[in-house]
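Remarks on the structure that follows.
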Amino acid sequence: MKIGIDLGGHTLIAALVSDAARGAAPVIVRRISLDTPRGRGASDVIDAMTGAIANLAEGQEVSGAGVAMPGMIDADRRHARRMPNFPKEWDDLDVAGCLDSALNSRGLGIRARIENDANCYALGEGSSGAAIGIRDFIVLTMGTGIGCGIVSGGRLLVGSHGMAGEAGHLVVRGDVQCRCGGMGHAETLAAADGTSARARTAGLPEDFGELWGMMGRGGAGAAIDVIEVTLDAMARVIASVCHLLDPELVILGGGMSKAHGIGPAIRERAIPYLSRPFKNTLRLEISPLGNDAALYGAAGIALARGAQ
Ligand SMILES: [Zn+2]
């Protein structure tokens, strides 16, 4: 057994995940869902994660724990680098080391490892979701931001500083300032926050699901204008990553991917941006696992460490 944790700004989910057996994908055996401690301070969050791990590990043989982190992490896969929605004290914190010593002080010999949450999402789709057996695939998560995880040649793409695969920050169009410090990035147009901001300006509901529901109705011209910018930015991202990486499969995840029919709508808009050979190879699917993908991926990195 392994433990995977998905650390979000509002919710912290921990799951006990079975080991991959011959021909059988890992499955979630048990899960705990907690509110992320108010203020999101490092010691409170580390305590909450340690408690959840101890709870799940009781009476079980657990080989390790992995945490899906909402931010950039260091190349060593132990330190957080920058967590945009968490306090500054997380910057450069040895998260894996803090967890290891907290677990140790409870008498648990479980080692922890961390990975970016979108990367965990991709690893989870590879172990238990839409990409089982696929060596080249990309996951794009559409939510508050646009997350991305890339598996190329069967390996997670991490880059020289651990920061590869930030497709949400591809420069697509315009010069809107992105929260990351750059400008003109896909996330400013395609993510929930940017979409909500345009909806607000147009006097429309800010909730993406509600906005999407207006598309099919008559007189929804303003909603269509807002959503078209979102779809176009995602289409540009997908065309660009396909040209760069030639994936077998692109998986769309995150809350916004649940909007009925969004997959075909984005696909249709991506085709004109693709060069001719790529128009025929584009395979776009909606994540079958949803946010559980990050739990599977987080548990998967725990196994990798145990094997070292
Ligand atoms: Zn950005």
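Each chain in the structure tokens gets a letter, A, B and so on, in the order shown; residues start at 1 in every chain, and ligands are counted from 1 in the order they appear.
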
Nearby residues (only C-alpha atoms) at most 8 Å from Leu140 (chain A), same-chain spacing under 6 positions excluded, as a ChimeraX atom specification: /A:118,146-149,167,250-254

Generate the output file for the selected residues, N, CA and C atoms, as an mmCIF file, in the first residue's frame.
```
data_model
loop_
_atom_site.group_PDB
_atom_site.id
_atom_site.type_symbol
_atom_site.label_atom_id
_atom_site.label_comp_id
_atom_site.auth_asym_id
_atom_site.auth_seq_id
_atom_site.Cartn_x
_atom_site.Cartn_y
_atom_site.Cartn_z
ATOM 1 N N ALA A 118 -0.137 18.926 -11.066
ATOM 2 C CA ALA A 118 -0.524 18.564 -12.442
ATOM 3 C C ALA A 118 0.323 17.394 -12.948
ATOM 4 N N ILE A 146 -4.262 26.902 -15.212
ATOM 5 C CA ILE A 146 -4.161 25.818 -16.193
ATOM 6 C C ILE A 146 -2.921 25.001 -15.841
ATOM 7 N N GLY A 147 -3.141 23.792 -15.321
ATOM 8 C CA GLY A 147 -2.021 22.921 -14.966
ATOM 9 C C GLY A 147 -1.660 22.043 -16.142
ATOM 10 N N CYS A 148 -0.425 21.532 -16.126
ATOM 11 C CA CYS A 148 0.000 20.674 -17.224
ATOM 12 C C CYS A 148 1.012 19.652 -16.714
ATOM 13 N N GLY A 149 0.843 18.422 -17.142
ATOM 14 C CA GLY A 149 1.819 17.374 -16.876
ATOM 15 C C GLY A 149 2.109 16.660 -18.176
ATOM 16 N N ALA A 167 2.495 24.402 -19.493
ATOM 17 C CA ALA A 167 1.808 24.835 -20.714
ATOM 18 C C ALA A 167 0.772 25.929 -20.460
ATOM 19 N N VAL A 250 -4.060 13.633 -25.626
ATOM 20 C CA VAL A 250 -4.138 14.816 -24.766
ATOM 21 C C VAL A 250 -5.368 14.634 -23.878
ATOM 22 N N ILE A 251 -5.169 14.736 -22.562
ATOM 23 C CA ILE A 251 -6.268 14.540 -21.606
ATOM 24 C C ILE A 251 -6.612 15.881 -20.970
ATOM 25 N N LEU A 252 -7.899 16.208 -20.977
ATOM 26 C CA LEU A 252 -8.351 17.430 -20.315
ATOM 27 C C LEU A 252 -8.941 17.076 -18.966
ATOM 28 N N GLY A 253 -8.462 17.736 -17.911
ATOM 29 C CA GLY A 253 -8.985 17.504 -16.572
ATOM 30 C C GLY A 253 -9.308 18.824 -15.890
ATOM 31 N N GLY A 254 -9.576 18.761 -14.581
ATOM 32 C CA GLY A 254 -9.914 19.965 -13.829
ATOM 33 C C GLY A 254 -11.410 20.251 -13.898
#
```

Expected selection as a VMD selection string for ligand 1 within 8 Å, only C-alpha atoms and all ligand atoms: chain A and resid 168 to 170 177 to 188

Selected residues, N, CA and C atoms, written as a compact mmCIF listing (two decimals), in the first residue's frame, please.
```
# COMPACT_ATOMS: atom_id res chain seq x y z
N GLY A 168 0.31 26.04 -19.23
CA GLY A 168 -0.62 27.12 -18.89
C GLY A 168 0.01 28.48 -19.05
N HIS A 169 1.35 28.50 -19.07
CA HIS A 169 2.06 29.77 -19.20
C HIS A 169 2.68 29.92 -20.59
N LEU A 170 2.18 29.13 -21.55
CA LEU A 170 2.57 29.38 -22.94
C LEU A 170 2.03 30.75 -23.32
N GLN A 177 -1.51 40.58 -17.69
CA GLN A 177 -0.52 40.17 -16.69
C GLN A 177 -0.95 38.86 -16.03
N CYS A 178 -0.06 37.90 -15.98
CA CYS A 178 -0.35 36.60 -15.36
C CYS A 178 0.13 36.63 -13.91
N ARG A 179 -0.53 35.85 -13.03
CA ARG A 179 -0.12 35.82 -11.61
C ARG A 179 1.30 35.32 -11.42
N CYS A 180 1.83 34.63 -12.44
CA CYS A 180 3.17 34.06 -12.32
C CYS A 180 4.26 35.12 -12.49
N GLY A 181 3.88 36.31 -12.96
CA GLY A 181 4.88 37.36 -13.17
C GLY A 181 5.15 37.63 -14.64
N GLY A 182 4.67 36.76 -15.53
CA GLY A 182 4.82 36.99 -16.97
C GLY A 182 3.56 37.62 -17.54
N MET A 183 3.49 37.72 -18.85
CA MET A 183 2.28 38.28 -19.46
C MET A 183 1.93 37.58 -20.77
N GLY A 184 0.63 37.68 -21.12
CA GLY A 184 0.15 37.08 -22.37
C GLY A 184 0.00 35.57 -22.29
N HIS A 185 -0.03 35.02 -21.07
CA HIS A 185 -0.06 33.57 -20.92
C HIS A 185 -1.47 33.00 -21.08
N ALA A 186 -1.54 31.74 -21.53
CA ALA A 186 -2.82 31.07 -21.77
C ALA A 186 -3.71 31.12 -20.54
N GLU A 187 -3.09 30.94 -19.37
CA GLU A 187 -3.86 30.89 -18.13
C GLU A 187 -4.70 32.16 -17.89
N THR A 188 -4.18 33.31 -18.32
CA THR A 188 -4.91 34.56 -18.09
C THR A 188 -6.23 34.57 -18.86
```

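Distances to Glu58 (chain A) were evaluated for A:Gly39, A:Arg106, A:Ile46, A:Leu34 using only C-alpha atoms, and the minimum falls at A:Arg106.
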
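Between His161 (chain A) and the residues A:Leu249, A:Leu56, A:Ala15, A:Ala75, the shortest atom-to-atom distance, using only C-alpha atoms, involves A:Ala75.
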
Just list the residues in region 173-297 of chain A DSSP gives alpha helix (DSSP H) on the backbone, as a PDB file with C-alpha atoms, in the first residue's frame.
```pdb
ATOM      1  CA  ALA A 186      -2.821  31.072 -21.772  1.00  0.00           C
ATOM      2  CA  GLU A 187      -3.864  30.893 -18.131  1.00  0.00           C
ATOM      3  CA  THR A 188      -4.911  34.562 -18.090  1.00  0.00           C
ATOM      4  CA  LEU A 189      -7.499  33.794 -20.800  1.00  0.00           C
ATOM      5  CA  ALA A 190      -8.455  30.127 -20.395  1.00  0.00           C
ATOM      6  CA  ALA A 192     -11.565  29.976 -14.438  1.00  0.00           C
ATOM      7  CA  ASP A 193     -10.358  33.248 -12.904  1.00  0.00           C
ATOM      8  CA  GLY A 194      -9.705  34.972 -16.245  1.00  0.00           C
ATOM      9  CA  THR A 195     -12.968  33.675 -17.694  1.00  0.00           C
ATOM     10  CA  SER A 196     -14.888  34.889 -14.616  1.00  0.00           C
ATOM     11  CA  ALA A 197     -13.283  38.323 -14.874  1.00  0.00           C
ATOM     12  CA  ARG A 198     -14.454  38.713 -18.499  1.00  0.00           C
ATOM     13  CA  ALA A 199     -17.934  37.440 -17.561  1.00  0.00           C
ATOM     14  CA  ARG A 200     -18.134  39.977 -14.730  1.00  0.00           C
ATOM     15  CA  THR A 201     -17.193  42.804 -17.082  1.00  0.00           C
ATOM     16  CA  PHE A 208     -18.158  28.690 -15.578  1.00  0.00           C
ATOM     17  CA  GLY A 209     -20.791  25.934 -15.415  1.00  0.00           C
ATOM     18  CA  GLU A 210     -23.573  28.506 -15.450  1.00  0.00           C
ATOM     19  CA  LEU A 211     -21.933  30.420 -18.282  1.00  0.00           C
ATOM     20  CA  TRP A 212     -21.467  27.211 -20.276  1.00  0.00           C
ATOM     21  CA  GLY A 213     -25.142  26.356 -19.757  1.00  0.00           C
ATOM     22  CA  MET A 214     -26.101  29.679 -21.401  1.00  0.00           C
ATOM     23  CA  GLY A 221     -24.209  36.204 -27.595  1.00  0.00           C
ATOM     24  CA  ALA A 222     -22.312  37.828 -24.731  1.00  0.00           C
ATOM     25  CA  ALA A 223     -21.722  34.446 -23.001  1.00  0.00           C
ATOM     26  CA  ILE A 224     -20.492  32.991 -26.287  1.00  0.00           C
ATOM     27  CA  ASP A 225     -18.029  35.876 -26.661  1.00  0.00           C
ATOM     28  CA  VAL A 226     -16.627  35.228 -23.180  1.00  0.00           C
ATOM     29  CA  ILE A 227     -16.360  31.458 -23.644  1.00  0.00           C
ATOM     30  CA  GLU A 228     -14.906  31.662 -27.156  1.00  0.00           C
ATOM     31  CA  VAL A 229     -11.811  33.395 -25.733  1.00  0.00           C
ATOM     32  CA  THR A 230     -11.416  30.531 -23.231  1.00  0.00           C
ATOM     33  CA  LEU A 231     -11.829  27.836 -25.881  1.00  0.00           C
ATOM     34  CA  ASP A 232      -9.530  29.612 -28.342  1.00  0.00           C
ATOM     35  CA  ALA A 233      -6.735  29.941 -25.756  1.00  0.00           C
ATOM     36  CA  MET A 234      -6.997  26.226 -24.906  1.00  0.00           C
ATOM     37  CA  ALA A 235      -7.035  25.358 -28.617  1.00  0.00           C
ATOM     38  CA  ARG A 236      -3.809  27.355 -29.122  1.00  0.00           C
ATOM     39  CA  VAL A 237      -2.166  25.609 -26.156  1.00  0.00           C
ATOM     40  CA  ILE A 238      -3.139  22.172 -27.435  1.00  0.00           C
ATOM     41  CA  ALA A 239      -1.934  22.903 -30.979  1.00  0.00           C
ATOM     42  CA  SER A 240       1.383  24.213 -29.637  1.00  0.00           C
ATOM     43  CA  VAL A 241       2.056  21.297 -27.291  1.00  0.00           C
ATOM     44  CA  CYS A 242       1.107  18.811 -30.044  1.00  0.00           C
ATOM     45  CA  HIS A 243       3.573  20.405 -32.464  1.00  0.00           C
ATOM     46  CA  LEU A 244       6.254  20.353 -29.790  1.00  0.00           C
ATOM     47  CA  LEU A 245       5.751  16.877 -28.312  1.00  0.00           C
ATOM     48  CA  ILE A 262     -16.223  21.016 -23.930  1.00  0.00           C
ATOM     49  CA  GLY A 263     -13.828  18.366 -25.326  1.00  0.00           C
ATOM     50  CA  PRO A 264     -15.259  18.365 -28.880  1.00  0.00           C
ATOM     51  CA  ALA A 265     -15.665  22.177 -28.734  1.00  0.00           C
ATOM     52  CA  ILE A 266     -11.950  22.667 -27.973  1.00  0.00           C
ATOM     53  CA  ARG A 267     -10.921  20.005 -30.486  1.00  0.00           C
ATOM     54  CA  GLU A 268     -12.841  21.747 -33.273  1.00  0.00           C
ATOM     55  CA  ARG A 269     -11.072  25.023 -32.468  1.00  0.00           C
ATOM     56  CA  ALA A 270      -7.622  23.392 -32.238  1.00  0.00           C
ATOM     57  CA  ARG A 276      -1.673  19.140 -41.659  1.00  0.00           C
ATOM     58  CA  PRO A 277      -0.107  15.894 -40.347  1.00  0.00           C
ATOM     59  CA  PHE A 278      -1.103  16.811 -36.788  1.00  0.00           C
ATOM     60  CA  LYS A 279      -4.773  17.406 -37.680  1.00  0.00           C
ATOM     61  CA  ASN A 280      -5.203  13.646 -38.100  1.00  0.00           C
ATOM     62  CA  THR A 281      -3.272  12.588 -35.007  1.00  0.00           C
ATOM     63  CA  ASP A 292      -8.557  11.269  -8.123  1.00  0.00           C
ATOM     64  CA  ALA A 293      -5.831  11.231 -10.808  1.00  0.00           C
ATOM     65  CA  ALA A 294      -3.652  13.429  -8.571  1.00  0.00           C
ATOM     66  CA  LEU A 295      -4.105  10.972  -5.656  1.00  0.00           C
ATOM     67  CA  TYR A 296      -3.053   8.025  -7.821  1.00  0.00           C
ATOM     68  CA  GLY A 297      -0.066   9.965  -9.140  1.00  0.00           C
TER      69      GLY A 297
END
```

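With only C-alpha atoms as the atoms that count, the minimum distance from Arg81 (chain A) to the choices A:Ala68, A:Leu103, A:Met163, A:Ala259 is reached by A:Met163.
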
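Nearest-residue note for Met142 (chain A): choosing from A:Ser275, A:Ser257, A:Ser63, A:Thr11, the minimum distance belongs to A:Ser257, counting only C-alpha atoms.
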
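For the atom pair formed by CA of Ser43 (chain A) and CA of Lys88 (chain A), the distance is 12.8 Å, given to one decimal.
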
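In terms of minimum interatomic distance to Gly124 (chain A), A:Val151 ranks closest within A:Val151, A:Ile32, A:Ile110, A:Leu157, counting only C-alpha atoms.
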
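The shell of residues at most 9 Å from Leu108 (chain A), with only C-alpha atoms counted and near chain neighbours (fewer than 4 positions) removed, consists of A:Ala54, A:Ala57, A:Asp100, A:Ala102, A:Leu103, A:Asn104.
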
Computed interatomic separation between CA of Thr36 (chain A) and CA of Asn116 (chain A) (Å): 17.4 Å

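Closest approach to Ala164 (chain A) from the set A:Ile150, A:Asp246, A:Lys258, A:Asp44 is made by A:Ile150, with distances taken over only C-alpha atoms.
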
Filtered DSSP result for region 64-125 of chain A, state strand (DSSP E), as a ChimeraX atom specification: /A:65-69,72-73,80-82,112-116

For Gly154 (chain A): contacts at 8 Å, only C-alpha atoms, fewer than 3 positions along chain excluded, given as a ChimeraX atom specification: /A:134-136,151

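Picture a line from CA of Ile301 (chain A) to CA of Gly23 (chain A); it runs 19.1 Å.
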